[in-house]
$ cat upload.cif   # mmCIF, C-alpha atoms
data_structure
loop_
_atom_site.label_atom_id
_atom_site.label_comp_id
_atom_site.auth_asym_id
_atom_site.auth_seq_id
_atom_site.Cartn_x
_atom_site.Cartn_y
_atom_site.Cartn_z
CA GLU Q 226 -0.81 54.18 82.27
CA ALA Q 227 0.03 56.62 85.07
CA GLN Q 228 0.66 59.99 83.53
CA VAL Q 229 0.31 63.75 83.53
CA THR Q 230 -1.18 65.14 80.35
CA GLN Q 231 -1.10 68.70 79.04
CA ASN Q 232 -2.98 70.32 76.19
CA PRO Q 233 -2.16 71.83 73.87
CA ARG Q 234 1.42 70.72 73.34
CA TYR Q 235 2.18 73.66 71.05
CA LEU Q 236 0.45 77.01 70.86
CA ILE Q 237 1.04 80.21 68.94
CA THR Q 238 -1.10 83.13 69.97
CA VAL Q 239 -1.17 86.92 69.92
CA THR Q 240 -0.76 89.43 72.68
CA GLY Q 241 -3.85 89.86 74.81
CA LYS Q 242 -5.81 86.83 73.66
CA LYS Q 243 -6.83 84.80 76.69
CA LEU Q 244 -5.72 81.18 76.72
CA THR Q 245 -5.88 78.14 78.96
CA VAL Q 246 -3.43 75.27 79.16
CA THR Q 247 -5.00 72.19 80.66
CA CYS Q 248 -3.28 69.72 82.93
CA SER Q 249 -4.67 66.42 84.13
CA GLN Q 250 -3.21 63.56 86.16
CA ASN Q 251 -4.62 60.08 86.66
CA MET Q 252 -2.56 59.09 89.71
CA ASN Q 253 -4.86 60.56 92.37
CA HIS Q 254 -2.07 62.91 93.46
CA GLU Q 255 -2.99 65.69 95.83
CA TYR Q 256 -0.15 68.00 94.90
CA MET Q 257 0.26 69.78 91.57
CA SER Q 258 2.44 72.57 90.21
CA TRP Q 259 3.06 74.68 87.14
CA TYR Q 260 6.55 75.64 85.98
CA ARG Q 261 8.00 77.62 83.13
CA GLN Q 262 11.36 76.82 81.60
CA ASP Q 263 13.53 79.46 79.98
CA PRO Q 264 17.07 79.03 78.64
CA GLY Q 265 19.74 79.47 81.30
CA LEU Q 266 17.17 79.77 84.09
CA GLY Q 267 16.07 76.20 84.61
CA LEU Q 268 12.49 75.70 85.77
CA ARG Q 269 10.72 78.30 87.82
CA GLN Q 270 7.56 77.60 89.74
CA ILE Q 271 4.49 79.64 88.77
CA TYR Q 272 1.76 78.26 91.05
CA TYR Q 273 1.18 75.16 93.09
CA SER Q 274 -1.75 73.41 94.73
CA MET Q 275 -1.83 71.19 97.79
CA ASN Q 276 -5.42 70.09 97.39
CA VAL Q 277 -8.74 70.95 95.78
CA GLU Q 278 -9.43 74.67 96.17
CA VAL Q 279 -6.00 75.22 97.78
CA THR Q 280 -3.52 77.08 95.59
CA ASP Q 281 -0.58 79.38 96.22
CA LYS Q 282 1.92 81.50 94.31
CA GLY Q 283 5.31 80.24 93.32
CA ASP Q 284 8.28 82.33 92.28
CA VAL Q 285 6.87 83.87 89.09
CA PRO Q 286 3.05 84.13 89.37
CA GLU Q 287 2.55 87.50 87.65
CA GLY Q 288 0.31 87.26 84.60
CA TYR Q 289 -1.01 83.79 85.43
CA LYS Q 290 -4.02 82.31 87.17
CA VAL Q 291 -4.84 78.77 88.21
CA SER Q 292 -7.77 76.85 89.61
CA ARG Q 293 -8.18 73.48 91.27
CA LYS Q 294 -11.83 72.51 91.27
CA GLU Q 295 -11.13 68.82 90.87
CA LYS Q 296 -8.27 66.75 92.19
CA ARG Q 297 -7.14 65.57 88.79
CA ASN Q 298 -7.17 68.90 86.92
CA PHE Q 299 -5.05 72.02 87.35
CA PRO Q 300 -5.45 74.44 84.42
CA LEU Q 301 -3.13 77.39 83.84
CA ILE Q 302 -4.82 80.55 82.60
CA LEU Q 303 -3.16 83.48 80.86
CA GLU Q 304 -5.77 86.24 80.89
CA SER Q 305 -3.80 88.64 78.68
CA PRO Q 306 -0.66 86.94 77.34
CA SER Q 307 2.40 89.02 76.55
CA PRO Q 308 5.54 88.15 74.56
CA ASN Q 309 7.56 87.69 77.77
CA GLN Q 310 5.35 84.71 78.55
CA THR Q 311 6.74 82.85 75.56
CA SER Q 312 8.20 79.79 77.21
CA LEU Q 313 8.02 76.04 77.75
CA TYR Q 314 5.47 75.20 80.42
CA PHE Q 315 5.37 72.08 82.56
CA CYS Q 316 2.68 70.75 84.83
CA ALA Q 317 3.76 68.35 87.58
CA SER Q 318 2.09 66.27 90.25
CA SER Q 319 3.27 64.53 93.40
CA PRO Q 320 1.67 62.00 95.74
CA GLN Q 321 2.66 63.68 98.98
CA ALA Q 322 4.96 66.20 100.54
CA GLY Q 323 8.21 65.27 102.17
CA GLY Q 324 10.74 62.56 101.51
CA ALA Q 325 11.31 60.67 98.32
CA GLN Q 326 7.60 60.62 97.65
CA GLU Q 327 7.71 64.26 96.74
CA THR Q 328 9.31 63.28 93.49
CA GLN Q 329 7.41 65.29 90.94
CA TYR Q 330 5.99 63.65 87.85
CA PHE Q 331 6.01 65.98 84.90
CA GLY Q 332 3.73 66.37 81.94
CA PRO Q 333 5.20 66.47 78.42
CA GLY Q 334 5.36 70.26 78.31
CA THR Q 335 3.55 72.98 76.34
CA ARG Q 336 5.52 75.26 74.04
CA LEU Q 337 3.89 78.68 73.94
CA LEU Q 338 4.77 81.49 71.56
CA VAL Q 339 3.12 84.87 72.12
CA LEU Q 340 3.45 87.26 69.18
CA ALA W 284 21.18 84.57 95.59
CA GLN W 285 21.15 81.37 93.61
CA LYS W 286 20.01 78.46 95.70
CA ILE W 287 21.16 75.86 93.19
CA THR W 288 24.36 76.29 91.23
CA GLN W 289 25.40 74.14 88.32
CA THR W 290 28.72 75.51 87.11
CA GLN W 291 29.05 73.37 83.99
CA PRO W 292 26.82 74.69 81.19
CA GLY W 293 28.03 71.85 78.97
CA MET W 294 29.97 68.63 79.34
CA PHE W 295 31.36 66.04 76.96
CA VAL W 296 32.07 62.43 77.83
CA GLN W 297 33.20 59.44 75.84
CA GLU W 298 30.77 56.56 75.61
CA LYS W 299 31.29 53.95 78.37
CA GLU W 300 33.18 56.38 80.58
CA ALA W 301 31.91 57.81 83.87
CA VAL W 302 30.97 61.48 84.23
CA THR W 303 30.24 63.74 87.19
CA LEU W 304 27.81 66.64 86.95
CA ASP W 305 28.29 69.24 89.65
CA CYS W 306 25.61 70.74 91.85
CA THR W 307 25.99 72.97 94.88
CA TYR W 308 23.12 74.28 96.93
CA ASP W 309 22.45 76.91 99.53
CA THR W 310 20.01 76.50 102.39
CA SER W 311 19.82 77.13 106.10
CA ASP W 312 16.96 74.67 106.55
CA PRO W 313 18.17 71.44 108.18
CA SER W 314 15.51 69.47 106.33
CA TYR W 315 15.74 69.41 102.57
CA GLY W 316 15.69 67.09 99.60
CA LEU W 317 17.87 67.07 96.52
CA PHE W 318 16.72 65.78 93.13
CA TRP W 319 18.21 65.21 89.73
CA TYR W 320 16.13 65.27 86.56
CA LYS W 321 17.03 64.47 82.98
CA GLN W 322 15.56 66.33 80.02
CA PRO W 323 16.26 64.73 76.63
CA SER W 324 15.85 66.68 73.41
CA SER W 325 12.22 65.54 73.23
CA GLY W 326 11.57 67.83 76.20
CA GLU W 327 10.07 65.66 78.92
CA MET W 328 11.42 65.81 82.48
CA ILE W 329 12.53 62.45 83.85
CA PHE W 330 13.23 61.93 87.55
CA LEU W 331 16.56 60.22 88.16
CA ILE W 332 17.50 60.20 91.82
CA TYR W 333 16.72 61.67 95.24
CA GLN W 334 18.79 62.38 98.35
CA GLY W 335 17.34 63.50 101.66
CA SER W 336 19.33 65.73 103.99
CA TYR W 337 19.16 63.17 106.78
CA ASP W 338 20.08 60.21 104.62
CA GLN W 339 23.31 58.67 105.83
CA GLN W 340 24.21 56.94 102.59
CA ASN W 341 24.59 58.27 99.09
CA ALA W 342 21.62 57.47 96.88
CA THR W 343 22.04 55.11 93.96
CA GLU W 344 19.69 54.18 91.12
CA GLY W 345 21.19 51.84 88.56
CA ARG W 346 23.94 53.71 86.72
CA TYR W 347 23.18 56.90 88.63
CA SER W 348 24.62 57.77 92.00
CA LEU W 349 24.57 60.94 94.00
CA ASN W 350 27.79 62.05 95.69
CA PHE W 351 26.33 63.88 98.68
CA GLN W 352 28.77 66.00 100.66
CA LYS W 353 26.63 67.75 103.22
CA ALA W 354 29.31 69.94 104.80
CA ARG W 355 30.29 71.25 101.38
CA LYS W 356 26.65 71.54 100.30
CA SER W 357 27.26 69.60 97.15
CA ALA W 358 25.16 66.91 95.48
CA ASN W 359 26.97 65.79 92.37
CA LEU W 360 25.42 63.30 89.98
CA VAL W 361 27.67 60.49 88.82
CA ILE W 362 26.71 58.56 85.70
CA SER W 363 28.71 55.39 85.24
CA ALA W 364 29.31 53.75 81.87
CA SER W 365 27.81 56.58 79.80
CA GLN W 366 25.53 55.68 76.91
CA LEU W 367 24.61 57.67 73.85
CA GLY W 368 21.09 57.94 75.24
CA ASP W 369 22.43 59.84 78.23
CA SER W 370 22.92 62.92 76.04
CA ALA W 371 20.48 65.42 77.55
CA MET W 372 20.07 68.39 79.86
CA TYR W 373 20.42 67.53 83.53
CA PHE W 374 18.85 69.61 86.28
CA CYS W 375 19.61 69.61 89.97
CA ALA W 376 16.74 70.68 92.22
CA MET W 377 16.12 71.23 95.92
CA ARG W 378 13.06 71.21 98.13
CA GLU W 379 13.43 72.94 101.49
CA GLY W 380 11.35 71.93 104.48
CA TYR W 381 8.37 69.64 104.46
CA ASN W 382 5.75 71.79 102.75
CA TYR W 383 4.96 70.86 99.19
CA GLY W 384 5.58 73.42 96.54
CA GLN W 385 7.18 75.99 98.74
CA ASN W 386 10.86 76.44 98.08
CA PHE W 387 11.24 73.91 95.31
CA VAL W 388 13.95 75.32 93.06
CA PHE W 389 15.87 74.13 90.04
CA GLY W 390 19.38 74.91 88.87
CA PRO W 391 20.11 76.24 85.36
CA GLY W 392 21.09 72.81 84.08
CA THR W 393 24.08 71.10 82.47
CA ARG W 394 23.98 69.84 78.89
CA LEU W 395 25.72 66.49 78.62
CA SER W 396 26.88 65.19 75.27
CA VAL W 397 28.04 61.58 75.03
CA LEU W 398 30.49 60.96 72.20
CA PRO W 399 30.66 57.62 70.35
#
$ encode --input "upload.cif" --output "C-alpha coordinates"
Amino acid sequence: EAQVTQNPRYLITVTGKKLTVTCSQNMNHEYMSWYRQDPGLGLRQIYYSMNVEVTDKGDVPEGYKVSRKEKRNFPLILESPSPNQTSLYFCASSPQAGGAQETQYFGPGTRLLVL
Amino acid sequence: AQKITQTQPGMFVQEKEAVTLDCTYDTSDPSYGLFWYKQPSSGEMIFLIYQGSYDQQNATEGRYSLNFQKARKSANLVISASQLGDSAMYFCAMREGYNYGQNFVFGPGTRLSVLP
(Lines of atoms letter the chains of each structure in order from A and count residues from 1; the text may use other names and numbers.)
(Lines give C-alpha, C1' and ligand atoms only; values in the text may rest on other atoms or scores of the structure.)
Protein backbone atom coordinates (compact mmCIF):
# COMPACT_ATOMS: atom_id res chain seq x y z
CA GLU A 1 0.00 0.00 0.00
CA ALA A 2 1.32 3.43 -0.99
CA GLN A 3 1.73 5.47 2.13
CA VAL A 4 3.65 7.93 4.26
CA THR A 5 4.40 6.68 7.75
CA GLN A 6 5.42 8.64 10.82
CA ASN A 7 6.70 7.49 14.18
CA PRO A 8 5.87 7.97 16.91
CA ARG A 9 2.23 8.93 16.54
CA TYR A 10 2.08 10.40 20.04
CA LEU A 11 4.91 11.72 22.16
CA ILE A 12 5.14 13.45 25.52
CA THR A 13 8.55 14.79 26.41
CA VAL A 14 10.23 17.41 28.59
CA THR A 15 11.93 20.63 27.69
CA GLY A 16 15.42 20.17 26.33
CA LYS A 17 15.34 16.44 25.67
CA LYS A 18 16.36 15.79 22.08
CA LEU A 19 13.87 13.87 19.97
CA THR A 20 13.46 12.63 16.42
CA VAL A 21 10.24 12.05 14.53
CA THR A 22 10.74 9.68 11.64
CA CYS A 23 9.02 9.89 8.29
CA SER A 24 9.16 7.33 5.52
CA GLN A 25 7.41 7.02 2.16
CA ASN A 26 7.24 4.01 -0.13
CA MET A 27 6.15 5.81 -3.31
CA ASN A 28 9.63 6.76 -4.56
CA HIS A 29 8.70 10.44 -4.28
CA GLU A 30 11.49 12.95 -4.65
CA TYR A 31 9.81 15.73 -2.72
CA MET A 32 9.08 15.73 1.00
CA SER A 33 8.01 18.30 3.59
CA TRP A 34 7.35 18.76 7.27
CA TYR A 35 4.46 20.85 8.59
CA ARG A 36 3.13 21.78 11.98
CA GLN A 37 -0.54 22.39 12.63
CA ASP A 38 -1.76 24.73 15.33
CA PRO A 39 -5.36 25.79 16.03
CA GLY A 40 -6.47 28.75 13.93
CA LEU A 41 -3.24 28.79 11.93
CA GLY A 42 -3.70 25.90 9.55
CA LEU A 43 -0.54 24.08 8.50
CA ARG A 44 2.78 25.85 8.35
CA GLN A 45 5.77 24.46 6.54
CA ILE A 46 8.87 23.77 8.63
CA TYR A 47 11.33 22.31 6.11
CA TYR A 48 11.18 20.71 2.72
CA SER A 49 13.42 18.59 0.54
CA MET A 50 13.59 18.34 -3.24
CA ASN A 51 15.96 15.40 -3.34
CA VAL A 52 18.54 13.46 -1.36
CA GLU A 53 20.86 15.87 0.44
CA VAL A 54 18.80 18.87 -0.76
CA THR A 55 16.78 20.58 1.97
CA ASP A 56 15.56 24.11 2.59
CA LYS A 57 13.73 26.13 5.23
CA GLY A 58 10.02 26.68 5.16
CA ASP A 59 8.10 29.33 7.05
CA VAL A 60 8.83 28.21 10.62
CA PRO A 61 12.22 26.42 10.73
CA GLU A 62 13.51 27.75 14.07
CA GLY A 63 14.21 24.99 16.56
CA TYR A 64 14.09 22.18 14.00
CA LYS A 65 16.56 20.25 11.89
CA VAL A 66 16.07 17.76 9.08
CA SER A 67 18.16 15.41 7.00
CA ARG A 68 17.61 13.55 3.76
CA LYS A 69 20.22 10.85 3.40
CA GLU A 70 17.90 8.45 1.63
CA LYS A 71 15.09 9.16 -0.77
CA ARG A 72 12.46 7.44 1.32
CA ASN A 73 13.28 8.94 4.73
CA PHE A 74 13.02 12.50 6.02
CA PRO A 75 13.38 12.69 9.82
CA LEU A 76 12.53 15.79 11.84
CA ILE A 77 14.88 16.53 14.72
CA LEU A 78 14.17 18.74 17.71
CA GLU A 79 17.55 19.26 19.37
CA SER A 80 16.19 21.06 22.44
CA PRO A 81 12.38 21.00 22.44
CA SER A 82 10.46 23.80 24.10
CA PRO A 83 6.77 24.04 25.10
CA ASN A 84 6.00 26.26 22.08
CA GLN A 85 6.82 23.28 19.88
CA THR A 86 3.83 21.42 21.24
CA SER A 87 1.86 20.79 18.08
CA LEU A 88 0.56 18.29 15.54
CA TYR A 89 3.25 17.47 12.99
CA PHE A 90 2.72 16.17 9.48
CA CYS A 91 5.16 14.75 7.00
CA ALA A 92 4.18 14.88 3.32
CA SER A 93 5.59 13.68 0.03
CA SER A 94 4.94 14.50 -3.60
CA PRO A 95 5.98 12.88 -6.88
CA GLN A 96 7.00 16.05 -8.66
CA ALA A 97 6.72 19.79 -8.66
CA GLY A 98 4.18 21.65 -10.69
CA GLY A 99 0.67 20.85 -11.79
CA ALA A 100 -1.73 18.40 -10.24
CA GLN A 101 1.10 16.03 -9.53
CA GLU A 102 2.28 18.25 -6.74
CA THR A 103 -0.60 16.99 -4.69
CA GLN A 104 0.97 16.23 -1.35
CA TYR A 105 0.38 12.92 0.35
CA PHE A 106 0.35 13.26 4.09
CA GLY A 107 1.39 10.96 6.87
CA PRO A 108 -1.01 10.27 9.76
CA GLY A 109 0.47 12.99 11.98
CA THR A 110 2.48 13.03 15.21
CA ARG A 111 1.03 14.70 18.29
CA LEU A 112 3.84 16.17 20.38
CA LEU A 113 3.49 17.59 23.88
CA VAL A 114 6.53 19.30 25.40
CA LEU A 115 6.27 19.87 29.14
CA ALA B 1 -0.52 39.50 4.91
CA GLN B 2 -2.57 36.34 4.76
CA LYS B 3 -2.16 34.59 1.45
CA ILE B 4 -5.11 32.28 2.01
CA THR B 5 -8.27 33.48 3.71
CA GLN B 6 -11.07 31.24 4.86
CA THR B 7 -13.65 33.50 6.46
CA GLN B 8 -15.93 30.79 7.82
CA PRO B 9 -14.47 29.24 10.98
CA GLY B 10 -17.48 26.92 11.16
CA MET B 11 -20.36 25.88 8.95
CA PHE B 12 -23.47 23.76 9.40
CA VAL B 13 -25.32 22.00 6.62
CA GLN B 14 -28.24 19.62 6.53
CA GLU B 15 -27.55 16.15 5.23
CA LYS B 16 -28.16 15.82 1.45
CA GLU B 17 -27.92 19.57 0.90
CA ALA B 18 -25.10 21.34 -0.95
CA VAL B 19 -22.61 23.56 0.85
CA THR B 20 -20.00 26.07 -0.29
CA LEU B 21 -16.80 26.67 1.66
CA ASP B 22 -15.14 29.97 0.86
CA CYS B 23 -11.49 30.53 0.02
CA THR B 24 -9.80 33.66 -1.25
CA TYR B 25 -6.14 33.91 -2.06
CA ASP B 26 -3.55 36.55 -2.70
CA THR B 27 -0.70 36.19 -5.17
CA SER B 28 1.01 38.17 -7.88
CA ASP B 29 2.49 35.06 -9.48
CA PRO B 30 0.63 34.17 -12.70
CA SER B 31 1.36 30.49 -12.14
CA TYR B 32 -0.16 28.91 -9.08
CA GLY B 33 -2.15 25.92 -7.92
CA LEU B 34 -5.03 25.74 -5.50
CA PHE B 35 -5.81 22.69 -3.36
CA TRP B 36 -8.47 21.60 -0.95
CA TYR B 37 -7.81 19.08 1.81
CA LYS B 38 -10.15 17.42 4.27
CA GLN B 39 -9.14 16.61 7.84
CA PRO B 40 -11.58 14.36 9.71
CA SER B 41 -11.51 14.07 13.48
CA SER B 42 -9.05 11.19 13.17
CA GLY B 43 -6.48 13.77 12.04
CA GLU B 44 -5.24 12.62 8.65
CA MET B 45 -5.06 15.05 5.72
CA ILE B 46 -6.97 13.91 2.65
CA PHE B 47 -6.50 15.57 -0.74
CA LEU B 48 -9.80 16.47 -2.37
CA ILE B 49 -9.33 18.60 -5.45
CA TYR B 50 -6.86 20.73 -7.42
CA GLN B 51 -7.20 23.75 -9.69
CA GLY B 52 -4.36 25.22 -11.73
CA SER B 53 -4.25 28.93 -12.50
CA TYR B 54 -4.25 28.26 -16.23
CA ASP B 55 -7.05 25.72 -16.15
CA GLN B 56 -9.99 26.96 -18.18
CA GLN B 57 -12.61 24.80 -16.52
CA ASN B 58 -13.56 24.39 -12.91
CA ALA B 59 -12.20 21.21 -11.38
CA THR B 60 -14.58 18.47 -10.30
CA GLU B 61 -14.00 15.25 -8.36
CA GLY B 62 -17.15 13.29 -7.64
CA ARG B 63 -19.27 15.32 -5.20
CA TYR B 64 -16.58 17.99 -4.95
CA SER B 65 -16.25 20.90 -7.33
CA LEU B 66 -14.13 24.00 -7.20
CA ASN B 67 -15.75 27.31 -8.14
CA PHE B 68 -12.71 29.12 -9.51
CA GLN B 69 -13.14 32.85 -10.08
CA LYS B 70 -9.71 34.04 -11.10
CA ALA B 71 -10.45 37.76 -11.32
CA ARG B 72 -11.88 37.71 -7.80
CA LYS B 73 -9.10 35.42 -6.57
CA SER B 74 -11.53 32.99 -5.08
CA ALA B 75 -11.53 29.19 -5.10
CA ASN B 76 -14.60 28.02 -3.26
CA LEU B 77 -15.21 24.34 -2.59
CA VAL B 78 -18.70 23.09 -3.32
CA ILE B 79 -19.82 19.81 -1.79
CA SER B 80 -23.02 18.48 -3.28
CA ALA B 81 -25.40 16.15 -1.45
CA SER B 82 -23.64 16.40 1.92
CA GLN B 83 -23.12 13.22 3.92
CA LEU B 84 -22.55 12.75 7.62
CA GLY B 85 -19.02 11.62 6.80
CA ASP B 86 -18.28 15.03 5.32
CA SER B 87 -18.11 16.50 8.84
CA ALA B 88 -14.48 17.59 9.12
CA MET B 89 -12.05 20.48 8.89
CA TYR B 90 -11.44 21.70 5.36
CA PHE B 91 -8.28 23.52 4.33
CA CYS B 92 -7.65 25.58 1.25
CA ALA B 93 -4.01 25.75 0.14
CA MET B 94 -1.99 27.44 -2.58
CA ARG B 95 1.32 26.72 -4.26
CA GLU B 96 2.92 29.63 -6.09
CA GLY B 97 5.25 29.11 -9.02
CA TYR B 98 6.73 25.84 -10.14
CA ASN B 99 9.25 25.15 -7.39
CA TYR B 100 8.27 22.48 -4.93
CA GLY B 101 7.96 23.45 -1.33
CA GLN B 102 8.49 27.12 -1.79
CA ASN B 103 5.41 29.17 -1.18
CA PHE B 104 3.03 26.37 -0.33
CA VAL B 105 0.61 27.86 2.19
CA PHE B 106 -2.55 26.73 3.92
CA GLY B 107 -5.54 28.70 5.13
CA PRO B 108 -6.78 28.48 8.75
CA GLY B 109 -9.52 26.03 7.83
CA THR B 110 -13.31 25.76 8.05
CA ARG B 111 -15.01 23.23 10.31
CA LEU B 112 -18.01 21.71 8.56
CA SER B 113 -20.69 19.94 10.55
CA VAL B 114 -23.31 17.93 8.66
CA LEU B 115 -26.59 17.59 10.53
CA PRO B 116 -28.81 14.50 10.18
$ closest_residue --input "upload.cif" --among "Q:Ser274, Q:Phe331, Q:Asn251, Q:Val239" --to "W:Lys321" --atoms "only C-alpha atoms"
Q:Phe331
$ residues_around --input "upload.cif" --residues "stretch 289-296 of chain Q" --least-positions-apart "3" --cutoff "8 Å" --atoms "all atoms listed in the file" --output "PyMOL selection string"
chain Q and resi 253-255+271-272+274+276-280+286+299-304
$ closest_residue --input "upload.cif" --among "W:Gly345, W:Gly392, W:Gly368, W:Gly293" --to "W:Trp319" --atoms "only C-alpha atoms"
W:Gly392
$ resolve_selection --input "upload.cif" --expression "the PyMOL selection byres ((chain W and resi 369) around 8)" --output "list in words"
Ser365, Gln366, Leu367, Gly368, Ser370, Ala371, Leu395, Ser396 and Val397 of chain W
$ residues_around --input "upload.cif" --residues "W:Leu398" --least-positions-apart "6" --cutoff "8 Å" --atoms "all atoms listed in the file" --output "JSON, numbers by chain"
{"W": [295, 296, 297, 298, 367]}
$ atom_distance --input "upload.cif" --atom1 "atom CA of W:Thr393" --atom2 "atom CA of Q:Ser249"
29.2 Å
$ decode --input "upload.cif" --residues "stretch 264-291 of chain Q" --atoms "N, CA, C and O atoms" --output "tab-separated table (two decimals), in the first residue's frame"
chain	number	residue	atom	x	y	z
Q	264	PRO	N	-3.98	25.31	16.17
Q	264	PRO	CA	-5.36	25.79	16.03
Q	264	PRO	C	-5.42	27.21	15.50
Q	264	PRO	O	-4.71	28.10	15.98
Q	265	GLY	N	-6.28	27.42	14.50
Q	265	GLY	CA	-6.47	28.75	13.93
Q	265	GLY	C	-5.40	29.20	12.96
Q	265	GLY	O	-5.54	30.25	12.34
Q	266	LEU	N	-4.35	28.40	12.81
Q	266	LEU	CA	-3.24	28.79	11.93
Q	266	LEU	C	-3.10	27.88	10.73
Q	266	LEU	O	-2.28	28.13	9.85
Q	267	GLY	N	-3.87	26.82	10.65
Q	267	GLY	CA	-3.70	25.90	9.55
Q	267	GLY	C	-2.37	25.17	9.66
Q	267	GLY	O	-1.81	25.00	10.75
Q	268	LEU	N	-1.83	24.76	8.53
Q	268	LEU	CA	-0.54	24.08	8.50
Q	268	LEU	C	0.54	25.06	8.05
Q	268	LEU	O	0.34	25.82	7.10
Q	269	ARG	N	1.66	25.00	8.72
Q	269	ARG	CA	2.78	25.85	8.35
Q	269	ARG	C	3.99	24.96	8.05
Q	269	ARG	O	4.30	24.04	8.81
Q	270	GLN	N	4.67	25.30	6.98
Q	270	GLN	CA	5.77	24.46	6.54
Q	270	GLN	C	7.03	24.73	7.37
Q	270	GLN	O	7.43	25.88	7.57
Q	271	ILE	N	7.67	23.66	7.81
Q	271	ILE	CA	8.87	23.77	8.63
Q	271	ILE	C	10.12	23.67	7.74
Q	271	ILE	O	10.96	24.56	7.72
Q	272	TYR	N	10.24	22.56	7.05
Q	272	TYR	CA	11.33	22.31	6.11
Q	272	TYR	C	10.79	21.51	4.94
Q	272	TYR	O	9.77	20.84	5.06
Q	273	TYR	N	11.52	21.57	3.84
Q	273	TYR	CA	11.18	20.71	2.72
Q	273	TYR	C	12.45	20.21	2.05
Q	273	TYR	O	13.54	20.74	2.28
Q	274	SER	N	12.28	19.20	1.22
Q	274	SER	CA	13.42	18.59	0.54
Q	274	SER	C	13.02	18.25	-0.89
Q	274	SER	O	11.96	17.66	-1.12
Q	275	MET	N	13.87	18.61	-1.82
Q	275	MET	CA	13.59	18.34	-3.24
Q	275	MET	C	14.34	17.11	-3.74
Q	275	MET	O	14.09	16.66	-4.86
Q	276	ASN	N	15.25	16.60	-2.93
Q	276	ASN	CA	15.96	15.40	-3.34
Q	276	ASN	C	16.89	15.00	-2.20
Q	276	ASN	O	17.03	15.72	-1.20
Q	277	VAL	N	17.56	13.89	-2.36
Q	277	VAL	CA	18.54	13.46	-1.36
Q	277	VAL	C	19.59	14.55	-1.19
Q	277	VAL	O	20.09	15.10	-2.17
Q	278	GLU	N	19.86	14.87	0.05
Q	278	GLU	CA	20.86	15.87	0.44
Q	278	GLU	C	20.47	17.30	0.04
Q	278	GLU	O	21.29	18.21	0.15
Q	279	VAL	N	19.26	17.52	-0.41
Q	279	VAL	CA	18.80	18.87	-0.76
Q	279	VAL	C	17.61	19.23	0.12
Q	279	VAL	O	16.52	18.67	-0.02
Q	280	THR	N	17.85	20.15	1.07
Q	280	THR	CA	16.78	20.58	1.97
Q	280	THR	C	16.78	22.10	2.04
Q	280	THR	O	17.79	22.76	1.75
Q	281	ASP	N	15.65	22.66	2.45
Q	281	ASP	CA	15.56	24.11	2.59
Q	281	ASP	C	14.51	24.46	3.63
Q	281	ASP	O	13.62	23.66	3.94
Q	282	LYS	N	14.63	25.68	4.18
Q	282	LYS	CA	13.73	26.13	5.23
Q	282	LYS	C	12.38	26.51	4.66
Q	282	LYS	O	12.26	27.07	3.58
Q	283	GLY	N	11.36	26.20	5.46
Q	283	GLY	CA	10.02	26.68	5.16
Q	283	GLY	C	9.73	27.96	5.93
Q	283	GLY	O	10.63	28.76	6.16
Q	284	ASP	N	8.51	28.10	6.38
Q	284	ASP	CA	8.10	29.33	7.05
Q	284	ASP	C	8.49	29.39	8.52
Q	284	ASP	O	8.68	30.47	9.07
Q	285	VAL	N	8.59	28.23	9.18
Q	285	VAL	CA	8.83	28.21	10.62
Q	285	VAL	C	9.93	27.21	10.97
Q	285	VAL	O	9.69	26.25	11.70
Q	286	PRO	N	11.18	27.42	10.52
Q	286	PRO	CA	12.22	26.42	10.73
Q	286	PRO	C	12.94	26.48	12.08
Q	286	PRO	O	13.66	25.54	12.44
Q	287	GLU	N	12.74	27.56	12.85
Q	287	GLU	CA	13.51	27.75	14.07
Q	287	GLU	C	13.25	26.62	15.07
Q	287	GLU	O	12.09	26.31	15.38
Q	288	GLY	N	14.31	26.04	15.56
Q	288	GLY	CA	14.21	24.99	16.56
Q	288	GLY	C	14.14	23.59	15.98
Q	288	GLY	O	14.02	22.61	16.73
Q	289	TYR	N	14.20	23.48	14.66
Q	289	TYR	CA	14.09	22.18	14.00
Q	289	TYR	C	15.28	21.93	13.08
Q	289	TYR	O	15.90	22.87	12.59
Q	290	LYS	N	15.59	20.67	12.88
Q	290	LYS	CA	16.56	20.25	11.89
Q	290	LYS	C	15.98	19.09	11.11
Q	290	LYS	O	15.11	18.36	11.62
Q	291	VAL	N	16.48	18.91	9.89
Q	291	VAL	CA	16.07	17.76	9.08
Q	291	VAL	C	17.29	17.19	8.39
Q	291	VAL	O	18.35	17.82	8.33
